[in-house]
Structures are given as C-alpha cells and as structure tokens.
file upload_2.csv (CSV, C-alpha atoms)
chain,number,residue,atom,x,y,z
A,3,MET,CA,-36.6,-50.2,54.2
A,4,MET,CA,-38.3,-50.8,50.9
A,5,LEU,CA,-40.3,-48.2,49.1
A,6,SER,CA,-43.6,-49.0,47.4
A,7,LEU,CA,-44.3,-48.1,43.8
A,8,SER,CA,-46.6,-45.3,44.9
A,9,GLN,CA,-43.9,-43.9,47.2
A,10,ILE,CA,-41.4,-44.0,44.4
A,11,ILE,CA,-43.7,-42.2,42.0
A,12,TYR,CA,-44.6,-39.6,44.6
A,13,GLY,CA,-40.9,-39.1,45.5
A,14,PHE,CA,-40.0,-38.7,41.8
A,15,LEU,CA,-42.8,-36.1,41.3
A,16,ARG,CA,-41.8,-34.2,44.4
A,17,LEU,CA,-38.1,-34.1,43.4
A,18,SER,CA,-39.1,-33.1,39.9
A,19,GLY,CA,-41.1,-30.2,41.3
A,20,TRP,CA,-38.3,-29.0,43.5
A,21,PHE,CA,-35.8,-29.3,40.6
A,22,LEU,CA,-38.1,-27.1,38.4
A,23,LEU,CA,-38.4,-24.5,41.2
A,24,LEU,CA,-34.6,-24.5,41.8
A,25,ALA,CA,-33.9,-24.2,38.1
A,26,LEU,CA,-36.4,-21.3,37.7
A,27,VAL,CA,-34.5,-19.5,40.5
A,28,PHE,CA,-30.8,-20.3,39.6
A,29,VAL,CA,-30.7,-20.7,35.8
A,30,PRO,CA,-31.8,-17.1,35.1
A,31,LEU,CA,-29.5,-15.7,37.8
A,32,GLU,CA,-26.5,-17.6,36.4
A,33,ARG,CA,-27.3,-16.3,32.9
A,34,ILE,CA,-27.6,-12.7,34.2
A,35,PHE,CA,-24.8,-12.7,36.8
A,36,PRO,CA,-22.3,-15.4,35.7
A,37,ASN,CA,-18.9,-15.8,37.3
A,38,VAL,CA,-17.8,-17.6,34.1
A,39,ARG,CA,-19.6,-18.0,30.8
A,40,GLN,CA,-20.6,-21.6,30.4
A,41,LYS,CA,-23.5,-23.6,28.9
A,42,ILE,CA,-26.5,-24.5,31.0
A,43,VAL,CA,-26.0,-28.1,30.1
A,44,ARG,CA,-22.3,-28.1,30.8
A,45,ARG,CA,-19.9,-31.0,31.2
A,46,GLY,CA,-21.2,-33.5,33.6
A,47,TRP,CA,-24.7,-31.9,33.8
A,48,TYR,CA,-26.6,-35.1,33.1
A,49,GLU,CA,-24.5,-37.1,35.5
A,50,ASP,CA,-25.2,-34.4,38.2
A,51,LEU,CA,-28.9,-34.6,37.4
A,52,GLY,CA,-28.8,-38.4,38.1
A,53,PHE,CA,-27.1,-37.6,41.4
A,54,TYR,CA,-29.9,-35.1,42.2
A,55,PHE,CA,-32.6,-37.8,42.0
A,56,LEU,CA,-30.4,-40.5,43.6
A,57,ASN,CA,-29.6,-38.4,46.6
A,58,GLY,CA,-33.2,-37.3,46.8
A,59,PHE,CA,-34.1,-40.9,47.5
A,60,LEU,CA,-31.3,-42.7,49.3
A,61,PRO,CA,-29.9,-40.4,52.0
A,62,PRO,CA,-33.3,-39.9,53.8
A,63,LEU,CA,-33.5,-43.7,54.0
A,64,LEU,CA,-29.9,-44.3,55.1
A,65,ILE,CA,-29.9,-41.6,57.7
A,66,VAL,CA,-32.6,-43.4,59.7
A,67,PHE,CA,-30.0,-45.7,61.3
A,68,PRO,CA,-27.7,-42.9,62.7
A,69,VAL,CA,-30.7,-40.9,63.8
A,70,SER,CA,-32.1,-43.9,65.7
A,71,ILE,CA,-28.8,-44.2,67.5
A,72,LEU,CA,-28.8,-40.5,68.3
A,73,ALA,CA,-32.4,-40.8,69.6
A,74,ALA,CA,-31.3,-43.7,71.9
A,75,ILE,CA,-28.3,-41.8,73.2
A,76,GLN,CA,-30.2,-38.6,73.6
A,77,THR,CA,-32.6,-40.3,76.1
A,78,GLN,CA,-29.7,-41.4,78.2
A,79,LEU,CA,-27.5,-38.3,77.9
A,80,ALA,CA,-29.3,-35.9,80.2
A,81,PRO,CA,-32.4,-35.8,82.4
A,82,ASN,CA,-35.7,-35.4,80.7
A,83,SER,CA,-36.1,-32.1,82.6
A,84,PHE,CA,-33.2,-30.7,80.7
A,85,TYR,CA,-34.7,-31.4,77.3
A,86,THR,CA,-38.1,-30.3,78.5
A,87,ALA,CA,-36.7,-26.9,79.5
A,88,ILE,CA,-34.9,-26.5,76.2
A,89,SER,CA,-38.1,-27.4,74.3
A,90,GLU,CA,-39.9,-24.5,76.1
A,91,ILE,CA,-37.4,-22.0,74.6
A,92,PRO,CA,-39.1,-20.0,71.7
A,93,LEU,CA,-38.7,-21.7,68.4
A,94,TYR,CA,-36.7,-18.9,66.8
A,95,LEU,CA,-34.1,-19.1,69.5
A,96,ARG,CA,-33.9,-22.9,69.3
A,97,LEU,CA,-33.5,-22.6,65.5
A,98,PHE,CA,-30.7,-20.0,65.9
A,99,GLY,CA,-28.9,-22.2,68.4
A,100,ALA,CA,-29.4,-25.3,66.1
A,101,ILE,CA,-27.9,-23.4,63.1
A,102,LEU,CA,-24.9,-22.3,65.1
A,103,VAL,CA,-24.0,-25.6,66.7
A,104,GLY,CA,-25.0,-27.6,63.6
A,105,GLU,CA,-22.6,-25.5,61.5
A,106,VAL,CA,-19.7,-26.4,63.8
A,107,GLY,CA,-20.7,-30.1,63.6
A,108,ALA,CA,-21.0,-30.0,59.8
A,109,TYR,CA,-17.7,-28.2,59.5
A,110,TRP,CA,-15.9,-31.1,61.3
A,111,GLY,CA,-17.8,-33.7,59.3
A,112,HIS,CA,-16.7,-32.0,56.1
A,113,ARG,CA,-13.1,-31.4,57.2
A,114,LEU,CA,-12.7,-35.0,58.2
A,115,SER,CA,-14.1,-36.0,54.8
A,116,HIS,CA,-11.0,-34.4,53.4
A,117,GLN,CA,-8.5,-35.6,56.0
A,118,LEU,CA,-9.5,-39.2,56.4
A,119,PRO,CA,-8.8,-41.4,53.3
A,120,CYS,CA,-11.8,-43.6,54.0
A,121,LEU,CA,-14.2,-40.6,53.9
A,122,TRP,CA,-12.3,-38.8,51.1
A,123,ARG,CA,-12.9,-41.8,48.8
A,124,ILE,CA,-16.6,-41.0,48.9
A,125,HIS,CA,-16.4,-37.2,49.3
A,126,SER,CA,-14.1,-36.9,46.3
A,127,VAL,CA,-17.1,-37.7,44.0
A,128,HIS,CA,-18.3,-34.2,44.8
A,129,HIS,CA,-15.0,-32.6,43.9
A,130,LYS,CA,-14.7,-34.2,40.5
A,131,ALA,CA,-16.9,-31.4,39.0
A,132,GLN,CA,-14.7,-29.2,36.7
A,133,GLU,CA,-17.4,-26.6,36.2
A,134,LEU,CA,-19.6,-25.3,39.0
A,135,ASP,CA,-23.2,-24.4,39.1
A,136,TRP,CA,-26.1,-24.9,41.5
A,137,LEU,CA,-26.7,-28.5,40.4
A,138,VAL,CA,-23.2,-29.5,41.5
A,139,ASN,CA,-24.5,-29.3,45.1
A,140,THR,CA,-26.1,-32.7,44.7
A,141,ARG,CA,-23.2,-34.4,42.9
A,142,ALA,CA,-22.2,-36.6,45.8
A,143,HIS,CA,-22.0,-40.2,47.0
A,144,PRO,CA,-25.2,-40.9,49.1
A,145,LEU,CA,-23.0,-41.8,52.1
A,146,ASP,CA,-21.3,-38.4,51.9
A,147,PHE,CA,-24.7,-36.7,52.5
A,148,VAL,CA,-25.3,-39.1,55.5
A,149,VAL,CA,-21.9,-38.3,57.0
A,150,THR,CA,-22.1,-34.5,56.9
A,151,ARG,CA,-25.7,-34.4,57.8
A,152,THR,CA,-25.2,-36.7,60.8
A,153,PHE,CA,-22.2,-34.6,62.0
A,154,GLY,CA,-24.4,-31.5,61.8
A,155,LEU,CA,-27.4,-33.0,63.6
A,156,VAL,CA,-25.4,-34.6,66.5
A,157,PRO,CA,-24.8,-31.3,68.5
A,158,VAL,CA,-28.3,-30.1,67.5
A,159,TYR,CA,-29.9,-33.2,69.1
A,160,PHE,CA,-27.5,-33.6,72.0
A,161,LEU,CA,-28.0,-30.0,73.1
A,162,GLY,CA,-31.7,-30.4,72.9
A,163,PHE,CA,-32.4,-27.8,70.2
A,164,ALA,CA,-34.3,-30.5,68.3
A,165,GLN,CA,-35.7,-33.9,69.3
A,166,ALA,CA,-34.3,-37.0,67.6
A,167,ASN,CA,-37.1,-39.0,66.1
A,168,VAL,CA,-36.8,-41.9,63.8
A,169,SER,CA,-40.1,-41.5,62.0
A,170,LEU,CA,-39.9,-37.8,61.2
A,171,MET,CA,-38.0,-34.6,61.8
A,172,ASP,CA,-39.3,-32.0,64.3
A,173,SER,CA,-39.8,-28.4,63.2
A,174,VAL,CA,-36.3,-27.2,64.2
A,175,SER,CA,-34.3,-29.9,62.5
A,176,PHE,CA,-36.5,-29.7,59.4
A,177,ILE,CA,-36.0,-25.9,59.1
A,178,TYR,CA,-32.3,-26.3,59.9
A,179,VAL,CA,-31.8,-28.9,57.1
A,180,ALA,CA,-34.0,-26.8,54.7
A,181,ILE,CA,-31.9,-23.7,55.2
A,182,GLY,CA,-28.6,-25.6,54.9
A,183,THR,CA,-29.8,-27.3,51.7
A,184,PHE,CA,-30.9,-24.1,50.0
A,185,TRP,CA,-27.7,-22.3,50.9
A,186,SER,CA,-25.6,-25.2,49.6
A,187,PHE,CA,-27.3,-24.8,46.2
A,188,PHE,CA,-26.6,-21.0,46.4
A,189,VAL,CA,-22.9,-21.2,47.2
A,190,HIS,CA,-22.3,-23.7,44.4
A,191,ALA,CA,-24.0,-21.5,41.8
A,192,ASN,CA,-22.1,-19.9,39.0
A,193,LEU,CA,-22.7,-16.4,40.3
A,194,CYS,CA,-20.2,-13.5,40.5
A,195,TRP,CA,-21.7,-12.1,43.6
A,196,ARG,CA,-19.4,-10.9,46.4
A,197,PHE,CA,-20.7,-9.7,49.8
A,198,GLY,CA,-18.0,-7.2,50.8
A,199,PHE,CA,-17.2,-7.2,54.5
A,200,LEU,CA,-20.2,-9.5,55.1
A,201,GLU,CA,-18.4,-12.3,53.1
A,202,HIS,CA,-16.5,-13.2,56.3
A,203,ILE,CA,-19.8,-13.6,58.1
A,204,LEU,CA,-22.1,-15.3,55.5
A,205,ALA,CA,-20.9,-17.7,52.9
A,206,SER,CA,-20.9,-16.4,49.3
A,207,PRO,CA,-20.4,-18.4,46.0
A,208,ALA,CA,-16.8,-17.1,46.0
A,209,PHE,CA,-16.2,-18.5,49.4
A,210,HIS,CA,-17.3,-22.0,48.4
A,211,HIS,CA,-15.8,-21.9,44.9
A,212,TRP,CA,-12.4,-21.6,46.6
A,213,HIS,CA,-13.1,-24.8,48.4
A,214,HIS,CA,-13.4,-26.5,45.0
A,215,ALA,CA,-10.3,-24.8,43.5
A,216,ASN,CA,-7.6,-27.1,42.1
A,217,ASP,CA,-5.3,-24.5,40.5
A,218,ASP,CA,-2.7,-24.6,43.3
A,219,ILE,CA,-2.0,-27.0,46.1
A,220,LYS,CA,-2.0,-24.1,48.6
A,221,HIS,CA,-5.7,-23.5,47.8
A,222,ILE,CA,-7.0,-26.9,48.8
A,223,ASN,CA,-8.4,-28.0,52.2
A,224,HIS,CA,-10.0,-24.6,53.0
A,225,ASN,CA,-13.5,-23.3,53.5
A,226,TYR,CA,-15.3,-26.3,55.0
A,227,SER,CA,-18.2,-24.3,56.4
A,228,ALA,CA,-21.6,-24.3,54.8
A,229,ILE,CA,-23.0,-21.0,55.9
A,230,PHE,CA,-20.6,-19.1,58.3
A,231,PRO,CA,-17.0,-18.5,57.1
A,232,TRP,CA,-16.1,-17.3,60.5
A,233,VAL,CA,-16.1,-20.9,61.6
A,234,ASP,CA,-13.3,-21.5,59.2
A,235,LYS,CA,-11.6,-18.4,60.6
A,236,ILE,CA,-11.7,-19.8,64.1
A,237,PHE,CA,-10.2,-23.2,63.1
A,238,GLY,CA,-7.6,-21.7,60.7
A,239,THR,CA,-9.0,-22.9,57.4
A,240,LEU,CA,-10.3,-19.7,55.8
A,241,LEU,CA,-9.2,-18.8,52.3
A,242,LEU,CA,-10.9,-15.8,50.7
A,243,PRO,CA,-8.9,-13.7,48.2
A,244,ARG,CA,-10.7,-10.3,47.7
A,245,SER,CA,-10.1,-9.7,44.0
A,246,ARG,CA,-10.0,-13.0,42.2
A,247,TRP,CA,-11.6,-16.4,41.7
A,248,PRO,CA,-10.2,-19.9,41.2
A,249,ARG,CA,-8.9,-20.5,37.7
A,250,SER,CA,-10.0,-24.2,37.7
A,251,TYR,CA,-11.9,-26.7,39.7
A,252,GLY,CA,-11.8,-30.4,40.3
A,253,VAL,CA,-9.8,-33.0,42.3
A,254,ILE,CA,-6.1,-32.4,42.8
A,255,PRO,CA,-4.1,-35.4,41.5
A,256,ALA,CA,-3.4,-38.0,44.2
A,257,HIS,CA,0.4,-37.5,44.2
A,258,THR,CA,-0.1,-33.8,45.1
A,259,HIS,CA,-3.2,-34.2,47.3
A,260,GLU,CA,-1.7,-36.5,49.9
A,261,PRO,CA,0.9,-34.1,51.2
A,262,ALA,CA,-2.0,-31.6,51.9
A,263,TYR,CA,-3.5,-34.2,54.2
A,264,ARG,CA,-0.3,-34.5,56.1
A,265,GLN,CA,0.0,-30.7,56.4
A,266,LEU,CA,-3.3,-30.5,58.3
A,267,ASN,CA,-2.8,-33.6,60.5
call {"tool": "encode", "arguments": {"input": "upload_2.csv", "output": "structure tokens"}}
result
Amino acid sequence: MMLSLSQIIYGFLRLSGWFLLLALVFVPLERIFPNVRQKIVRRGWYEDLGFYFLNGFLPPLLIVFPVSILAAIQTQLAPNSFYTAISEIPLYLRLFGAILVGEVGAYWGHRLSHQLPCLWRIHSVHHKAQELDWLVNTRAHPLDFVVTRTFGLVPVYFLGFAQANVSLMDSVSFIYVAIGTFWSFFVHANLCWRFGFLEHILASPAFHHWHHANDDIKHINHNYSAIFPWVDKIFGTLLLPRSRWPRSYGVIPAHTHEPAYRQLN
C-alpha cells in the first residue's frame, strides 16, 4: 500500500500535532515530578523522535494484513446472530469487555516477545533505552507494534466486542487502542508517582519502569501488562517493590539474559 504525497504530508502534520500535545502534557509533569533528574533531550532522544514518526506511519499500514485475516476468520467463527447480539450491547459495556480481554491478549503478545528469540530480536529495540521518559514508548521496531497490537485485538474481535474491518476501525477498537496508547506514554514517563494500594489494579510508571530494569537478572521478565498489573499477578510475573525504583535500565547482556528465558519456559 503506497501513500500519496498529500497523505504523507497530512500524516506528518497530524503526528506533529499529537507530538506537540503529548509534549505539552508530559514535559512539564516530568520537570515538576521527576523520578530521576535528567535532561529533556536525554541520551537517545533524537533517535526516539525518529521512531515516533516511523511508527506513526508504518504499523497502521502493516497491521492491515493481520486484521484482514482476523476479519475473514471472524465471519466463520460464529453465527452472525452471535455477533449481532454482542453488537447490541451498550457501547460502554463492549468497551469495558474489550479492554479486559485485550489486556490479556496483549499481555501474552508482550510476554512471548521476551520468551521467543525471533520476537525478542525486534522487541529488544524498545529495551535498549537507558533513560526512560514518555517518548521511549514509541522507541520500537514497527513489527513489534504490529505483534502486540494484533495479540490485543484478536480476543476483542473474536468475542465480538469490535468488528474487524480492513478499511477502518470501529468505535470500540478505536477507543481501546487510543486508551492503551495514552497509558503506554504515561507508564514510560519519568514520573515519581505511586498509586498506593491501587498500584496493583492500575499500572503506574513505577510498575512499568520495573519491566525495563536491568540492575539485576531477578528483575527481568516481569510486568508485561499495559494497564492492569493484576493480569501479571494472575500469571505469576508481577514485580512491584514498594519503596524503591530500578537503579538502571536497558538490555541485560545476552549471556545473562538467555537463562532468564529458560527459567520461564
């Protein structure tokens, strides 16, 4: 699928507008409530900015193929009467169901990205960041976005909370992706906020920062959820110390990372 020049210009302007809006929200917050003191233009910032625009263009084009497959399977999976009945459920209930089952699907897509070497090779791009802030969210291989988003959308579509459509997202899948995207920016942010007892229910920056920790091999391969830490609790991968944060971030060297795969397999 080729983009015309006008589509490229429109896409660049749209992404620039969203970047400005996100920066106006997160940059002041990170200056007022920092977890660690670091520069706004920190190590790797320009590289992450490039990933922001790259992943604003490519994943939406690449995800057309898996969504078209999902749409074809969905029509054969259950009678039309089943999906018609689900579509008549109020929007807010379908959205709630989509967020719940989508979180479980995305959890397993993310976990497999750490456990399977073929997926880790592309997912490790995201973990090379040594300083975290909101922009690190989009530091990823475009295929990494496609994998995790597809895993999240599979149960949403197959259970009928949203209708798979190659040309455009329906309202449920659009809102689901929008909420997940904003929360992903939030949990990567360099913010010192903790949620107390709610931190085991709703993901905080501390929860996800432990997912990026590389200061001890015991701290890796935890906290795969995007929004709900209790999903990690159910599957035995929750790590959330109460009184401290990771000392350093980045990819564990290969000779120490491989045994961690074997421990989970």
call {"tool": "residues_around", "arguments": {"input": "upload_2.csv", "residues": "A:Val29", "least_positions_apart": "2", "cutoff": "12 Å", "atoms": "only C-alpha atoms", "output": "PyMOL selection string"}}
result
chain A and resi 21-27+31-36+40-43+135-137+187-188+191-193
call {"tool": "closest_atom_pairs", "arguments": {"input": "upload_2.csv", "of": "stretch 19-109 of chain A", "to": "stretch 219-237 of chain A", "cutoff": "8 Å", "atoms": "all atoms listed in the file", "output": "CSV"}}
result
residue,atom,partner,partner_atom,distance
A:Glu105,CA,A:Ser227,CA,6.8
A:Val106,CA,A:Val233,CA,6.9
A:Ala108,CA,A:Ser227,CA,7.2
A:Tyr109,CA,A:Ser227,CA,5.0
call {"tool": "atom_distance", "arguments": {"input": "upload_2.csv", "atom1": "atom CA of A:Asn82", "atom2": "atom CA of A:Val156"}}
result
17.6 Å
call {"tool": "atom_distance", "arguments": {"input": "upload_2.csv", "atom1": "atom CA of A:Trp195", "atom2": "atom CA of A:His211"}}
result
11.5 Å
call {"tool": "residues_near_point", "arguments": {"input": "upload_2.csv", "point": "(-18.7, -23.9, 39.8)", "cutoff": "12 Å", "atoms": "only C-alpha atoms", "output": "JSON, numbers by chain"}}
result
{"A": [32, 36, 37, 38, 39, 40, 41, 42, 44, 45, 46, 47, 128, 129, 130, 131, 132, 133, 134, 135, 136, 137, 138, 139, 141, 187, 188, 189, 190, 191, 192, 193, 194, 207, 208, 209, 210, 211, 212, 213, 214, 215, 216, 247, 248, 249, 250, 251, 252]}
call {"tool": "atom_distance", "arguments": {"input": "upload_2.csv", "atom1": "atom CA of A:Thr239", "atom2": "atom CA of A:Ala205"}}
result
13.7 Å
call {"tool": "decode", "arguments": {"input": "upload_2.csv", "residues": "stretch 36-54 of chain A", "atoms": "C-alpha atoms", "output": "PDB file, in the first residue's frame"}}
result
ATOM      1  CA  PRO A  36      10.630  13.616  38.135  1.00  0.00           C
ATOM      2  CA  ASN A  37      11.621  10.146  39.223  1.00  0.00           C
ATOM      3  CA  VAL A  38      15.234  10.989  38.307  1.00  0.00           C
ATOM      4  CA  ARG A  39      16.733  14.282  37.223  1.00  0.00           C
ATOM      5  CA  GLN A  40      17.590  14.110  33.544  1.00  0.00           C
ATOM      6  CA  LYS A  41      17.669  16.417  30.556  1.00  0.00           C
ATOM      7  CA  ILE A  42      14.608  16.812  28.350  1.00  0.00           C
ATOM      8  CA  VAL A  43      16.780  15.994  25.343  1.00  0.00           C
ATOM      9  CA  ARG A  44      18.409  12.991  27.022  1.00  0.00           C
ATOM     10  CA  ARG A  45      20.531  10.206  25.546  1.00  0.00           C
ATOM     11  CA  GLY A  46      18.787   8.696  22.533  1.00  0.00           C
ATOM     12  CA  TRP A  47      16.083  11.402  22.408  1.00  0.00           C
ATOM     13  CA  TYR A  48      16.556  12.210  18.705  1.00  0.00           C
ATOM     14  CA  GLU A  49      16.603   8.518  17.848  1.00  0.00           C
ATOM     15  CA  ASP A  50      13.350   8.039  19.764  1.00  0.00           C
ATOM     16  CA  LEU A  51      11.855  11.022  17.955  1.00  0.00           C
ATOM     17  CA  GLY A  52      12.631   9.286  14.668  1.00  0.00           C
ATOM     18  CA  PHE A  53      10.929   6.125  15.941  1.00  0.00           C
ATOM     19  CA  TYR A  54       7.898   8.238  16.881  1.00  0.00           C
TER      20      TYR A  54
END
